[in-house]
$ cat structure.csv   # CSV, C-alpha atoms and all ligand atoms
chain,number,residue,atom,x,y,z
A,237,MET,CA,-29.2,-5.8,-96.8
A,238,ASN,CA,-26.3,-8.1,-97.6
A,239,GLN,CA,-27.9,-11.1,-95.9
A,240,THR,CA,-26.0,-13.6,-98.0
A,241,LEU,CA,-22.5,-12.3,-97.3
A,242,ARG,CA,-20.7,-13.5,-94.2
A,243,HIS,CA,-17.1,-13.4,-95.1
A,244,VAL,CA,-15.5,-11.1,-97.7
A,245,ALA,CA,-11.8,-11.0,-98.7
A,246,ILE,CA,-10.0,-8.1,-100.4
A,247,ILE,CA,-6.8,-7.9,-102.4
A,248,MET,CA,-5.9,-4.3,-101.8
A,249,ASP,CA,-4.0,-3.6,-105.0
A,250,GLY,CA,-2.9,-0.4,-106.8
A,251,ASN,CA,-1.4,1.7,-104.0
A,252,GLY,CA,2.0,2.1,-105.7
A,253,ARG,CA,0.5,2.8,-109.1
A,254,TRP,CA,-1.9,5.3,-107.7
A,255,ALA,CA,1.0,7.2,-106.0
A,256,LYS,CA,3.1,7.1,-109.2
A,257,LYS,CA,0.2,8.7,-111.2
A,258,GLN,CA,0.5,11.7,-109.0
A,259,GLN,CA,4.3,11.7,-109.1
A,260,GLN,CA,4.6,10.5,-105.6
A,261,ALA,CA,6.7,7.7,-104.0
A,262,ARG,CA,5.0,4.3,-103.7
A,263,THR,CA,5.0,4.7,-99.9
A,264,PHE,CA,2.6,7.7,-100.3
A,265,GLY,CA,0.1,5.2,-101.7
A,266,HIS,CA,0.7,2.8,-98.8
A,267,PHE,CA,0.2,5.6,-96.3
A,268,HIS,CA,-3.2,6.5,-97.9
A,269,GLY,CA,-4.0,2.8,-98.1
A,270,VAL,CA,-4.0,2.6,-94.3
A,271,ASP,CA,-6.8,5.2,-93.9
A,272,LYS,CA,-8.7,3.3,-96.5
A,273,VAL,CA,-8.4,0.1,-94.5
A,274,ARG,CA,-10.2,1.9,-91.7
A,275,GLU,CA,-13.0,3.3,-94.0
A,276,ILE,CA,-13.7,0.0,-95.6
A,277,ALA,CA,-13.6,-2.0,-92.3
A,278,ILE,CA,-16.0,0.4,-90.7
A,279,ALA,CA,-18.4,0.0,-93.7
A,280,ALA,CA,-18.0,-3.8,-93.6
A,281,ASN,CA,-18.9,-3.8,-89.9
A,282,GLU,CA,-21.9,-1.5,-90.6
A,283,VAL,CA,-23.4,-3.8,-93.2
A,284,GLY,CA,-23.1,-6.7,-90.9
A,285,LEU,CA,-20.2,-8.8,-92.3
A,286,GLU,CA,-18.9,-11.4,-89.8
A,287,VAL,CA,-15.4,-11.4,-91.2
A,288,LEU,CA,-13.4,-9.1,-93.5
A,289,THR,CA,-10.0,-10.6,-94.6
A,290,LEU,CA,-7.5,-8.1,-96.1
A,291,TYR,CA,-4.4,-9.2,-98.0
A,292,ALA,CA,-1.9,-6.8,-96.4
A,293,PHE,CA,1.5,-8.5,-97.0
A,294,SER,CA,2.1,-11.6,-99.2
A,295,THR,CA,4.9,-14.1,-99.0
A,296,GLU,CA,6.2,-12.5,-102.2
A,297,ASN,CA,6.3,-8.9,-100.9
A,298,TRP,CA,9.7,-9.6,-99.2
A,299,LYS,CA,11.2,-9.3,-102.7
A,300,ARG,CA,10.3,-5.5,-102.9
A,301,PRO,CA,13.1,-2.9,-102.3
A,302,ILE,CA,14.3,-3.0,-98.7
A,303,GLU,CA,13.2,0.6,-98.1
A,304,GLU,CA,9.6,-0.2,-99.2
A,305,VAL,CA,9.5,-3.3,-97.0
A,306,ASN,CA,10.8,-1.4,-94.0
A,307,TYR,CA,8.2,1.3,-94.6
A,308,LEU,CA,5.4,-1.4,-94.7
A,309,MET,CA,6.6,-2.9,-91.5
A,310,GLN,CA,5.6,0.3,-89.6
A,311,LEU,CA,2.0,0.4,-91.0
A,312,PRO,CA,0.4,-1.8,-88.4
A,313,ALA,CA,1.7,0.6,-85.7
A,314,VAL,CA,0.4,3.6,-87.7
A,315,PHE,CA,-2.9,1.9,-88.2
A,316,PHE,CA,-3.5,1.0,-84.5
A,317,SER,CA,-2.2,4.3,-83.1
A,318,LYS,CA,-4.8,6.1,-85.3
A,319,PHE,CA,-7.7,3.6,-85.1
A,320,LEU,CA,-7.5,1.1,-82.2
A,321,SER,CA,-9.8,3.2,-80.0
A,322,GLU,CA,-12.4,3.4,-82.8
A,323,LEU,CA,-12.1,-0.4,-83.4
A,324,MET,CA,-12.8,-0.9,-79.7
A,325,GLU,CA,-15.8,1.4,-79.8
A,326,LYS,CA,-17.2,-0.5,-82.8
A,327,ASN,CA,-16.5,-3.9,-81.1
A,328,ILE,CA,-14.3,-5.1,-84.0
A,329,ARG,CA,-11.9,-8.0,-83.3
A,330,ILE,CA,-8.4,-8.1,-84.9
A,331,GLN,CA,-6.8,-11.3,-86.1
A,332,THR,CA,-4.0,-12.3,-88.5
A,333,ILE,CA,-3.4,-15.3,-90.8
A,334,GLY,CA,0.1,-16.0,-92.2
A,335,ASP,CA,3.4,-16.7,-90.5
A,336,LEU,CA,4.4,-13.7,-88.3
A,337,ALA,CA,7.8,-15.2,-87.5
A,338,PRO,CA,9.9,-13.2,-90.1
A,339,PHE,CA,8.4,-9.8,-89.0
A,340,PRO,CA,10.5,-7.4,-86.9
A,341,GLU,CA,10.0,-7.9,-83.1
A,342,ALA,CA,8.4,-4.4,-82.9
A,343,THR,CA,5.9,-5.2,-85.6
A,344,LYS,CA,5.0,-8.5,-84.0
A,345,THR,CA,4.5,-6.8,-80.6
A,346,VAL,CA,2.1,-4.3,-82.1
A,347,LEU,CA,0.1,-7.1,-83.8
A,348,VAL,CA,0.0,-9.3,-80.6
A,349,ASN,CA,-1.1,-6.4,-78.5
A,350,ALA,CA,-3.9,-5.4,-80.9
A,351,ILE,CA,-5.1,-9.0,-81.2
A,352,SER,CA,-5.2,-9.4,-77.4
A,353,SER,CA,-6.7,-6.0,-76.8
A,354,THR,CA,-9.6,-6.8,-79.1
A,355,ALA,CA,-9.9,-10.5,-78.4
A,356,ALA,CA,-13.2,-10.1,-76.4
A,357,ASN,CA,-14.9,-8.0,-79.0
A,358,THR,CA,-17.9,-9.7,-80.5
A,359,GLY,CA,-18.6,-7.7,-83.6
A,360,MET,CA,-16.9,-8.2,-87.0
A,361,THR,CA,-13.5,-9.9,-87.1
A,362,LEU,CA,-11.0,-8.0,-89.2
A,363,VAL,CA,-8.3,-10.4,-90.4
A,364,PHE,CA,-5.0,-9.2,-91.8
A,365,ALA,CA,-3.2,-11.7,-94.0
A,366,MET,CA,0.4,-11.0,-93.1
A,367,ASN,CA,3.3,-12.9,-94.8
A,368,TYR,CA,0.5,-15.0,-96.1
A,369,GLY,CA,0.6,-17.2,-99.3
A,370,GLY,CA,-2.1,-19.7,-100.3
A,371,ARG,CA,0.4,-22.4,-101.4
A,372,ASP,CA,2.4,-21.8,-98.1
A,373,GLU,CA,-0.8,-22.3,-96.2
A,374,LEU,CA,-1.6,-25.6,-98.0
A,375,VAL,CA,1.9,-27.0,-97.6
A,376,ARG,CA,1.8,-26.2,-93.8
A,377,ALA,CA,-1.6,-27.9,-93.6
A,378,ALA,CA,-0.2,-31.0,-95.4
A,379,LYS,CA,2.8,-31.1,-93.0
A,380,ALA,CA,0.6,-30.7,-89.9
A,381,TYR,CA,-1.7,-33.5,-91.1
A,382,ALA,CA,1.3,-35.7,-91.8
A,383,GLU,CA,2.5,-35.1,-88.3
A,384,ASP,CA,-0.9,-36.0,-86.8
A,385,VAL,CA,-0.8,-39.2,-88.8
A,386,ARG,CA,2.7,-40.0,-87.6
A,387,ASP,CA,1.7,-39.3,-84.0
A,388,GLY,CA,-1.3,-41.6,-84.2
A,389,LYS,CA,-3.8,-38.7,-83.8
A,390,ARG,CA,-5.3,-39.4,-87.2
A,391,THR,CA,-5.6,-42.2,-89.7
A,392,ASN,CA,-4.3,-41.9,-93.3
A,393,SER,CA,-7.7,-40.8,-94.6
A,394,ILE,CA,-9.0,-37.3,-94.6
A,395,THR,CA,-12.0,-35.5,-96.0
A,396,GLU,CA,-12.2,-31.9,-97.4
A,397,VAL,CA,-14.1,-30.8,-94.3
A,398,GLU,CA,-11.4,-32.4,-92.0
A,399,PHE,CA,-8.6,-30.8,-94.1
A,400,GLU,CA,-10.1,-27.4,-93.5
A,401,HIS,CA,-9.3,-27.7,-89.8
A,402,TYR,CA,-5.6,-27.5,-90.8
A,403,LEU,CA,-6.1,-24.2,-92.6
A,404,MET,CA,-5.4,-20.7,-91.1
A,405,THR,CA,-9.0,-19.8,-91.7
A,406,ARG,CA,-10.4,-22.7,-89.7
A,407,ASP,CA,-12.3,-20.4,-87.3
A,408,TYR,CA,-14.0,-18.4,-89.9
A,409,PRO,CA,-17.1,-18.9,-92.1
A,410,PRO,CA,-16.5,-19.8,-95.8
A,411,VAL,CA,-15.4,-16.9,-98.0
A,412,ASP,CA,-18.4,-15.7,-100.0
A,413,LEU,CA,-16.7,-13.0,-102.1
A,414,CYS,CA,-13.3,-11.8,-103.0
A,415,ILE,CA,-12.8,-8.2,-104.3
A,416,ARG,CA,-9.6,-7.1,-106.1
A,417,THR,CA,-9.0,-3.4,-106.7
A,418,SER,CA,-6.9,-1.8,-109.5
A,419,GLY,CA,-8.0,-3.8,-112.5
A,420,GLU,CA,-5.8,-7.0,-112.3
A,421,GLN,CA,-7.9,-10.2,-112.5
A,422,ARG,CA,-5.7,-12.7,-110.7
A,423,LEU,CA,-5.7,-14.4,-107.3
A,424,SER,CA,-2.0,-13.9,-106.7
A,425,ASN,CA,-1.7,-16.8,-104.2
A,426,PHE,CA,-4.5,-15.4,-101.9
A,427,LEU,CA,-6.8,-17.9,-100.2
A,428,LEU,CA,-6.4,-20.6,-102.9
A,429,TRP,CA,-8.5,-23.2,-101.1
A,430,GLN,CA,-11.1,-20.8,-99.7
A,431,LEU,CA,-11.8,-19.1,-103.0
A,432,ALA,CA,-12.7,-22.3,-104.8
A,433,TYR,CA,-16.5,-21.4,-104.8
A,434,ALA,CA,-16.3,-17.7,-103.9
A,435,GLU,CA,-17.7,-15.0,-106.2
A,436,LEU,CA,-14.9,-12.8,-107.6
A,437,VAL,CA,-15.5,-9.1,-108.2
A,438,PHE,CA,-13.0,-6.7,-109.7
A,439,THR,CA,-12.9,-2.9,-109.8
A,440,PRO,CA,-10.6,-0.7,-111.8
A,441,LEU,CA,-10.3,1.7,-108.9
A,442,ALA,CA,-7.0,1.6,-107.0
A,443,TRP,CA,-7.3,0.8,-103.3
A,444,PRO,CA,-6.8,4.4,-102.1
A,445,GLU,CA,-9.6,5.4,-104.6
A,446,LEU,CA,-12.2,3.0,-103.3
A,447,THR,CA,-15.0,4.6,-101.2
A,448,ALA,CA,-17.4,3.0,-98.7
A,449,LYS,CA,-20.2,3.6,-101.2
A,450,GLU,CA,-18.4,1.8,-104.0
A,451,PHE,CA,-17.4,-1.0,-101.7
A,452,VAL,CA,-21.1,-1.6,-100.7
A,453,GLU,CA,-21.9,-1.6,-104.5
A,454,LEU,CA,-19.3,-4.3,-105.0
A,455,LEU,CA,-20.8,-6.3,-102.1
A,456,ASN,CA,-24.2,-6.0,-103.7
A,457,GLU,CA,-22.9,-7.2,-107.0
A,458,GLY,CA,-21.3,-10.2,-105.2
A,459,SER,CA,-24.4,-11.1,-103.2
A,460,ARG,CA,-26.6,-10.7,-106.3
A,461,ARG,CA,-24.4,-13.2,-108.2
A,462,GLU,CA,-24.3,-15.6,-105.2
A,463,ARG,CA,-28.1,-15.5,-104.8
A,464,ARG,CA,-28.6,-16.2,-108.6
A,465,PHE,CA,-26.1,-19.1,-108.5
A,466,GLY,CA,-27.8,-20.4,-105.3
A,467,GLY,CA,-31.2,-20.4,-107.0
A,468,LEU,CA,-30.0,-22.3,-110.1
A,469,VAL,CA,-28.1,-25.1,-108.4
B,1,LIG,C1,-0.1,-1.2,-97.6
B,1,LIG,C2,-3.0,-1.2,-98.6
B,1,LIG,C3,-2.9,-1.7,-92.7
B,1,LIG,C4,-2.0,-2.4,-98.8
B,1,LIG,C5,-3.2,-0.9,-97.1
B,1,LIG,C6,2.6,-4.8,-93.3
B,1,LIG,C7,-0.5,-2.1,-98.7
B,1,LIG,C8,-2.0,-0.3,-96.5
B,1,LIG,C9,-2.0,-2.7,-92.2
B,1,LIG,C10,-2.2,-3.5,-91.0
B,1,LIG,C11,-0.6,-2.0,-95.3
B,1,LIG,C12,-1.7,-4.8,-90.9
B,1,LIG,C13,-1.9,-5.6,-89.8
B,1,LIG,C14,-2.6,-5.0,-88.7
B,1,LIG,C15,-3.1,-3.7,-88.8
B,1,LIG,C16,-2.9,-3.0,-89.9
B,1,LIG,C17,-1.1,-2.9,-93.2
B,1,LIG,C18,0.7,-3.8,-94.4
B,1,LIG,C19,0.4,-2.9,-95.4
B,1,LIG,C20,1.8,-4.7,-94.5
B,1,LIG,F1,-2.8,-5.8,-87.6
B,1,LIG,N1,-2.5,-1.3,-93.9
B,1,LIG,N2,-1.4,-2.0,-94.2
B,1,LIG,N3,-0.1,-3.8,-93.3
B,1,LIG,N4,-0.9,-1.2,-96.4

$ encode --input "structure.csv" --output "structure tokens" --more "lines below"
Ligand code: V0D
Amino acid sequence: MNQTLRHVAIIMDGNGRWAKKQQQARTFGHFHGVDKVREIAIAANEVGLEVLTLYAFSTENWKRPIEEVNYLMQLPAVFFSKFLSELMEKNIRIQTIGDLAPFPEATKTVLVNAISSTAANTGMTLVFAMNYGGRDELVRAAKAYAEDVRDGKRTNSITEVEFEHYLMTRDYPPVDLCIRTSGEQRLSNFLLWQLAYAELVFTPLAWPELTAKEFVELLNEGSRRERRFGGLV
């Protein structure tokens, strides 16, 4: 069905705005967003994606009000207490990209446990970008490369393919498609290197409003564009 798509990335935007529209607190939107992560991940697994990468928390999100940040820190635990058994049944593997160091110990423990519980699963890999920023990733890659040169592990020449070994996505296939919900048409520091050749598809729906059916339609739009591009070049 979606034979061309291996790796899809999503910017899950619009939770706060969706909540405000119904006179609710922003955290109400985040709470509903968690259930949507499950629905979309299950659909992605069913259509045979190898990797789904979700932008859960950016390096900029620390600037939000402290109450909102504290609320967000609990969502991985909420997610896994509700859905870990289902992820196991569906053979889905959990991973993260980004620097987990600044997260509260309790949040880190939840993440580490979920990653290790699902490590042997061989179905789709569900990657949460956590305290992730594209520029941060590139600066870390440049530093790691500089250290390898200093330590005599590499010469002072590097190709694009070699540089990709220093990125947090080194273990995943190239990103084919990036979807952003809620109408904004920007990358917002997500996967800057990886999205260089990716298809970009936008929907006006807020993240909590997206359905599995509409998600599959967005995948079809992305793979149709990718095929057409592939045929012309
Ligand atoms: C809020 C919409 C699941 C985006 C989805 C800490 C904003 C709901 C997770 C999650 C968030 C993260 C890691 C993990 C398992 C689940 C999550 C955050 C925000 C930021 F291993 N939803 N979710 N994490 N939202």

$ closest_residue --input "structure.csv" --among "A:Thr358, A:Ser424, A:Gln310, A:Thr240" --to "ligand LIG 1 (chain B)" --atoms "all atoms listed in the file"
A:Gln310

$ closest_atom_pairs --input "structure.csv" --of "chain A" --to "ligand LIG 1 (chain B)" --cutoff "6 Å" --atoms "only C-alpha atoms and all ligand atoms" --output "tab-separated table"
residue	atom	partner	partner_atom	distance
A:Met248	CA	B:LIG1	C4	5.3
A:His266	CA	B:LIG1	C1	4.3
A:Gly269	CA	B:LIG1	C5	3.9
A:Val270	CA	B:LIG1	C8	4.2
A:Val273	CA	B:LIG1	C5	5.9
A:Ala292	CA	B:LIG1	C18	4.4
A:Phe293	CA	B:LIG1	C20	4.6
A:Leu308	CA	B:LIG1	C6	4.6
A:Met309	CA	B:LIG1	C6	4.8
A:Leu311	CA	B:LIG1	C17	5.0
A:Pro312	CA	B:LIG1	C16	3.8
A:Phe315	CA	B:LIG1	C16	5.2
A:Leu347	CA	B:LIG1	F1	5.0
A:Phe364	CA	B:LIG1	C13	5.2

$ closest_residue --input "structure.csv" --among "A:Leu320, A:Val314, A:Val244, A:Ile333" --to "Glu373 (chain A)" --atoms "all atoms listed in the file"
A:Ile333

$ residues_around --input "structure.csv" --residues "Cys414 (chain A)" --least-positions-apart "6" --cutoff "7 Å" --atoms "only C-alpha atoms" --output "VMD selection string"
chain A and resid 244 to 246 434 to 437

$ closest_residue --input "structure.csv" --among "A:Asn456, A:Ser353, A:Asn281, A:Thr343" --to "Lys326 (chain A)" --atoms "all atoms listed in the file"
A:Asn281

$ closest_residue --input "structure.csv" --among "A:Ser317, A:Gly419, A:Lys449, A:Val346" --to "Val283 (chain A)" --atoms "all atoms listed in the file"
A:Lys449

$ atom_distance --input "structure.csv" --atom1 "CA of Arg463 (chain A)" --atom2 "CA of Glu286 (chain A)"
18.1 Å

$ atom_distance --input "structure.csv" --atom1 "CA of Gly359 (chain A)" --atom2 "CA of Phe438 (chain A)"
26.7 Å

$ residues_around --input "structure.csv" --residues "Glu400 (chain A)" --least-positions-apart "2" --cutoff "12 Å" --atoms "all atoms listed in the file" --output "mmCIF file with C-alpha atoms, in the coordinates of the input"
data_model
loop_
_atom_site.group_PDB
_atom_site.id
_atom_site.type_symbol
_atom_site.label_atom_id
_atom_site.label_comp_id
_atom_site.auth_asym_id
_atom_site.auth_seq_id
_atom_site.Cartn_x
_atom_site.Cartn_y
_atom_site.Cartn_z
ATOM 1 C CA GLU A 373 -0.800 -22.300 -96.200
ATOM 2 C CA LEU A 374 -1.600 -25.600 -98.000
ATOM 3 C CA ARG A 376 1.800 -26.200 -93.800
ATOM 4 C CA ALA A 377 -1.600 -27.900 -93.600
ATOM 5 C CA ALA A 378 -0.200 -31.000 -95.400
ATOM 6 C CA ALA A 380 0.600 -30.700 -89.900
ATOM 7 C CA TYR A 381 -1.700 -33.500 -91.100
ATOM 8 C CA ILE A 394 -9.000 -37.300 -94.600
ATOM 9 C CA THR A 395 -12.000 -35.500 -96.000
ATOM 10 C CA GLU A 396 -12.200 -31.900 -97.400
ATOM 11 C CA VAL A 397 -14.100 -30.800 -94.300
ATOM 12 C CA GLU A 398 -11.400 -32.400 -92.000
ATOM 13 C CA TYR A 402 -5.600 -27.500 -90.800
ATOM 14 C CA LEU A 403 -6.100 -24.200 -92.600
ATOM 15 C CA MET A 404 -5.400 -20.700 -91.100
ATOM 16 C CA THR A 405 -9.000 -19.800 -91.700
ATOM 17 C CA ARG A 406 -10.400 -22.700 -89.700
ATOM 18 C CA ASP A 407 -12.300 -20.400 -87.300
ATOM 19 C CA TYR A 408 -14.000 -18.400 -89.900
ATOM 20 C CA PRO A 409 -17.100 -18.900 -92.100
ATOM 21 C CA PRO A 410 -16.500 -19.800 -95.800
ATOM 22 C CA TRP A 429 -8.500 -23.200 -101.100
ATOM 23 C CA GLN A 430 -11.100 -20.800 -99.700
#

$ atom_distance --input "structure.csv" --atom1 "CA of Asn357 (chain A)" --atom2 "CA of Thr447 (chain A)"
25.5 Å

$ decode --input "structure.csv" --residues "region 297-308 of chain A" --atoms "all heavy atoms" --output "mmCIF file, in the first residue's frame"
data_model
loop_
_atom_site.group_PDB
_atom_site.id
_atom_site.type_symbol
_atom_site.label_atom_id
_atom_site.label_comp_id
_atom_site.auth_asym_id
_atom_site.auth_seq_id
_atom_site.Cartn_x
_atom_site.Cartn_y
_atom_site.Cartn_z
ATOM 1 N N ASN A 297 11.018 23.903 24.267
ATOM 2 C CA ASN A 297 9.818 23.724 25.105
ATOM 3 C C ASN A 297 10.069 24.001 26.588
ATOM 4 O O ASN A 297 9.117 24.209 27.348
ATOM 5 C CB ASN A 297 9.229 22.320 24.936
ATOM 6 C CG ASN A 297 8.474 22.137 23.627
ATOM 7 O OD1 ASN A 297 8.249 21.023 23.185
ATOM 8 N ND2 ASN A 297 8.067 23.240 22.987
ATOM 9 N N TRP A 298 11.355 24.051 27.004
ATOM 10 C CA TRP A 298 11.661 24.381 28.414
ATOM 11 C C TRP A 298 11.230 25.795 28.756
ATOM 12 O O TRP A 298 11.078 26.132 29.933
ATOM 13 C CB TRP A 298 13.166 24.231 28.684
ATOM 14 C CG TRP A 298 13.673 22.837 28.484
ATOM 15 C CD1 TRP A 298 14.445 22.413 27.447
ATOM 16 C CD2 TRP A 298 13.470 21.699 29.332
ATOM 17 N NE1 TRP A 298 14.720 21.066 27.594
ATOM 18 C CE2 TRP A 298 14.142 20.613 28.744
ATOM 19 C CE3 TRP A 298 12.772 21.500 30.535
ATOM 20 C CZ2 TRP A 298 14.141 19.330 29.318
ATOM 21 C CZ3 TRP A 298 12.780 20.230 31.092
ATOM 22 C CH2 TRP A 298 13.451 19.170 30.481
ATOM 23 N N LYS A 299 11.051 26.649 27.725
ATOM 24 C CA LYS A 299 10.669 28.058 27.961
ATOM 25 C C LYS A 299 9.183 28.219 28.274
ATOM 26 O O LYS A 299 8.732 29.325 28.561
ATOM 27 C CB LYS A 299 11.020 28.903 26.726
ATOM 28 C CG LYS A 299 12.517 28.980 26.458
ATOM 29 C CD LYS A 299 12.799 29.732 25.164
ATOM 30 C CE LYS A 299 14.277 29.644 24.784
ATOM 31 N NZ LYS A 299 14.456 29.998 23.355
ATOM 32 N N ARG A 300 8.414 27.154 28.174
ATOM 33 C CA ARG A 300 6.978 27.248 28.495
ATOM 34 C C ARG A 300 6.804 27.409 30.002
ATOM 35 O O ARG A 300 7.719 27.156 30.777
ATOM 36 C CB ARG A 300 6.276 25.977 28.024
ATOM 37 C CG ARG A 300 6.254 25.899 26.507
ATOM 38 C CD ARG A 300 5.359 24.792 26.052
ATOM 39 N NE ARG A 300 5.336 24.703 24.602
ATOM 40 C CZ ARG A 300 4.728 23.724 23.943
ATOM 41 N NH1 ARG A 300 4.108 22.759 24.592
ATOM 42 N NH2 ARG A 300 4.732 23.714 22.625
ATOM 43 N N PRO A 301 5.607 27.824 30.431
ATOM 44 C CA PRO A 301 5.366 27.984 31.873
ATOM 45 C C PRO A 301 5.704 26.694 32.635
ATOM 46 O O PRO A 301 5.436 25.594 32.132
ATOM 47 C CB PRO A 301 3.865 28.282 31.962
ATOM 48 C CG PRO A 301 3.492 28.812 30.620
ATOM 49 C CD PRO A 301 4.408 28.155 29.632
ATOM 50 N N ILE A 302 6.271 26.858 33.825
ATOM 51 C CA ILE A 302 6.783 25.717 34.593
ATOM 52 C C ILE A 302 5.701 24.665 34.839
ATOM 53 O O ILE A 302 5.961 23.453 34.774
ATOM 54 C CB ILE A 302 7.450 26.182 35.921
ATOM 55 C CG1 ILE A 302 8.054 25.018 36.690
ATOM 56 C CG2 ILE A 302 6.476 26.937 36.817
ATOM 57 C CD1 ILE A 302 9.297 24.453 36.096
ATOM 58 N N GLU A 303 4.458 25.117 35.066
ATOM 59 C CA GLU A 303 3.362 24.159 35.338
ATOM 60 C C GLU A 303 3.127 23.275 34.114
ATOM 61 O O GLU A 303 2.858 22.072 34.244
ATOM 62 C CB GLU A 303 2.045 24.878 35.688
ATOM 63 C CG GLU A 303 2.121 25.879 36.828
ATOM 64 C CD GLU A 303 2.712 27.221 36.409
ATOM 65 O OE1 GLU A 303 2.387 27.691 35.294
ATOM 66 O OE2 GLU A 303 3.512 27.787 37.176
ATOM 67 N N GLU A 304 3.204 23.910 32.926
ATOM 68 C CA GLU A 304 2.980 23.134 31.701
ATOM 69 C C GLU A 304 4.125 22.132 31.477
ATOM 70 O O GLU A 304 3.884 20.970 31.127
ATOM 71 C CB GLU A 304 2.831 24.077 30.497
ATOM 72 C CG GLU A 304 2.481 23.321 29.218
ATOM 73 C CD GLU A 304 2.220 24.224 28.022
ATOM 74 O OE1 GLU A 304 2.040 25.452 28.199
ATOM 75 O OE2 GLU A 304 2.192 23.689 26.901
ATOM 76 N N VAL A 305 5.367 22.591 31.717
ATOM 77 C CA VAL A 305 6.520 21.692 31.564
ATOM 78 C C VAL A 305 6.390 20.515 32.534
ATOM 79 O O VAL A 305 6.572 19.353 32.142
ATOM 80 C CB VAL A 305 7.852 22.454 31.775
ATOM 81 C CG1 VAL A 305 9.028 21.475 31.845
ATOM 82 C CG2 VAL A 305 8.071 23.464 30.657
ATOM 83 N N ASN A 306 6.033 20.811 33.779
ATOM 84 C CA ASN A 306 5.870 19.740 34.772
ATOM 85 C C ASN A 306 4.801 18.743 34.337
ATOM 86 O O ASN A 306 4.954 17.524 34.519
ATOM 87 C CB ASN A 306 5.518 20.320 36.146
ATOM 88 C CG ASN A 306 6.699 21.045 36.766
ATOM 89 O OD1 ASN A 306 7.841 20.852 36.357
ATOM 90 N ND2 ASN A 306 6.423 21.891 37.756
ATOM 91 N N TYR A 307 3.730 19.250 33.783
ATOM 92 C CA TYR A 307 2.657 18.372 33.306
ATOM 93 C C TYR A 307 3.178 17.450 32.188
ATOM 94 O O TYR A 307 2.942 16.232 32.206
ATOM 95 C CB TYR A 307 1.468 19.203 32.818
ATOM 96 C CG TYR A 307 0.305 18.342 32.388
ATOM 97 C CD1 TYR A 307 -0.613 17.875 33.314
ATOM 98 C CD2 TYR A 307 0.154 17.956 31.056
ATOM 99 C CE1 TYR A 307 -1.667 17.058 32.931
ATOM 100 C CE2 TYR A 307 -0.895 17.135 30.667
ATOM 101 C CZ TYR A 307 -1.792 16.693 31.604
ATOM 102 O OH TYR A 307 -2.829 15.882 31.222
ATOM 103 N N LEU A 308 3.898 18.062 31.237
ATOM 104 C CA LEU A 308 4.415 17.285 30.098
ATOM 105 C C LEU A 308 5.352 16.158 30.549
ATOM 106 O O LEU A 308 5.342 15.068 29.968
ATOM 107 C CB LEU A 308 5.148 18.217 29.119
ATOM 108 C CG LEU A 308 4.259 19.198 28.349
ATOM 109 C CD1 LEU A 308 5.104 20.235 27.617
ATOM 110 C CD2 LEU A 308 3.355 18.465 27.357
#
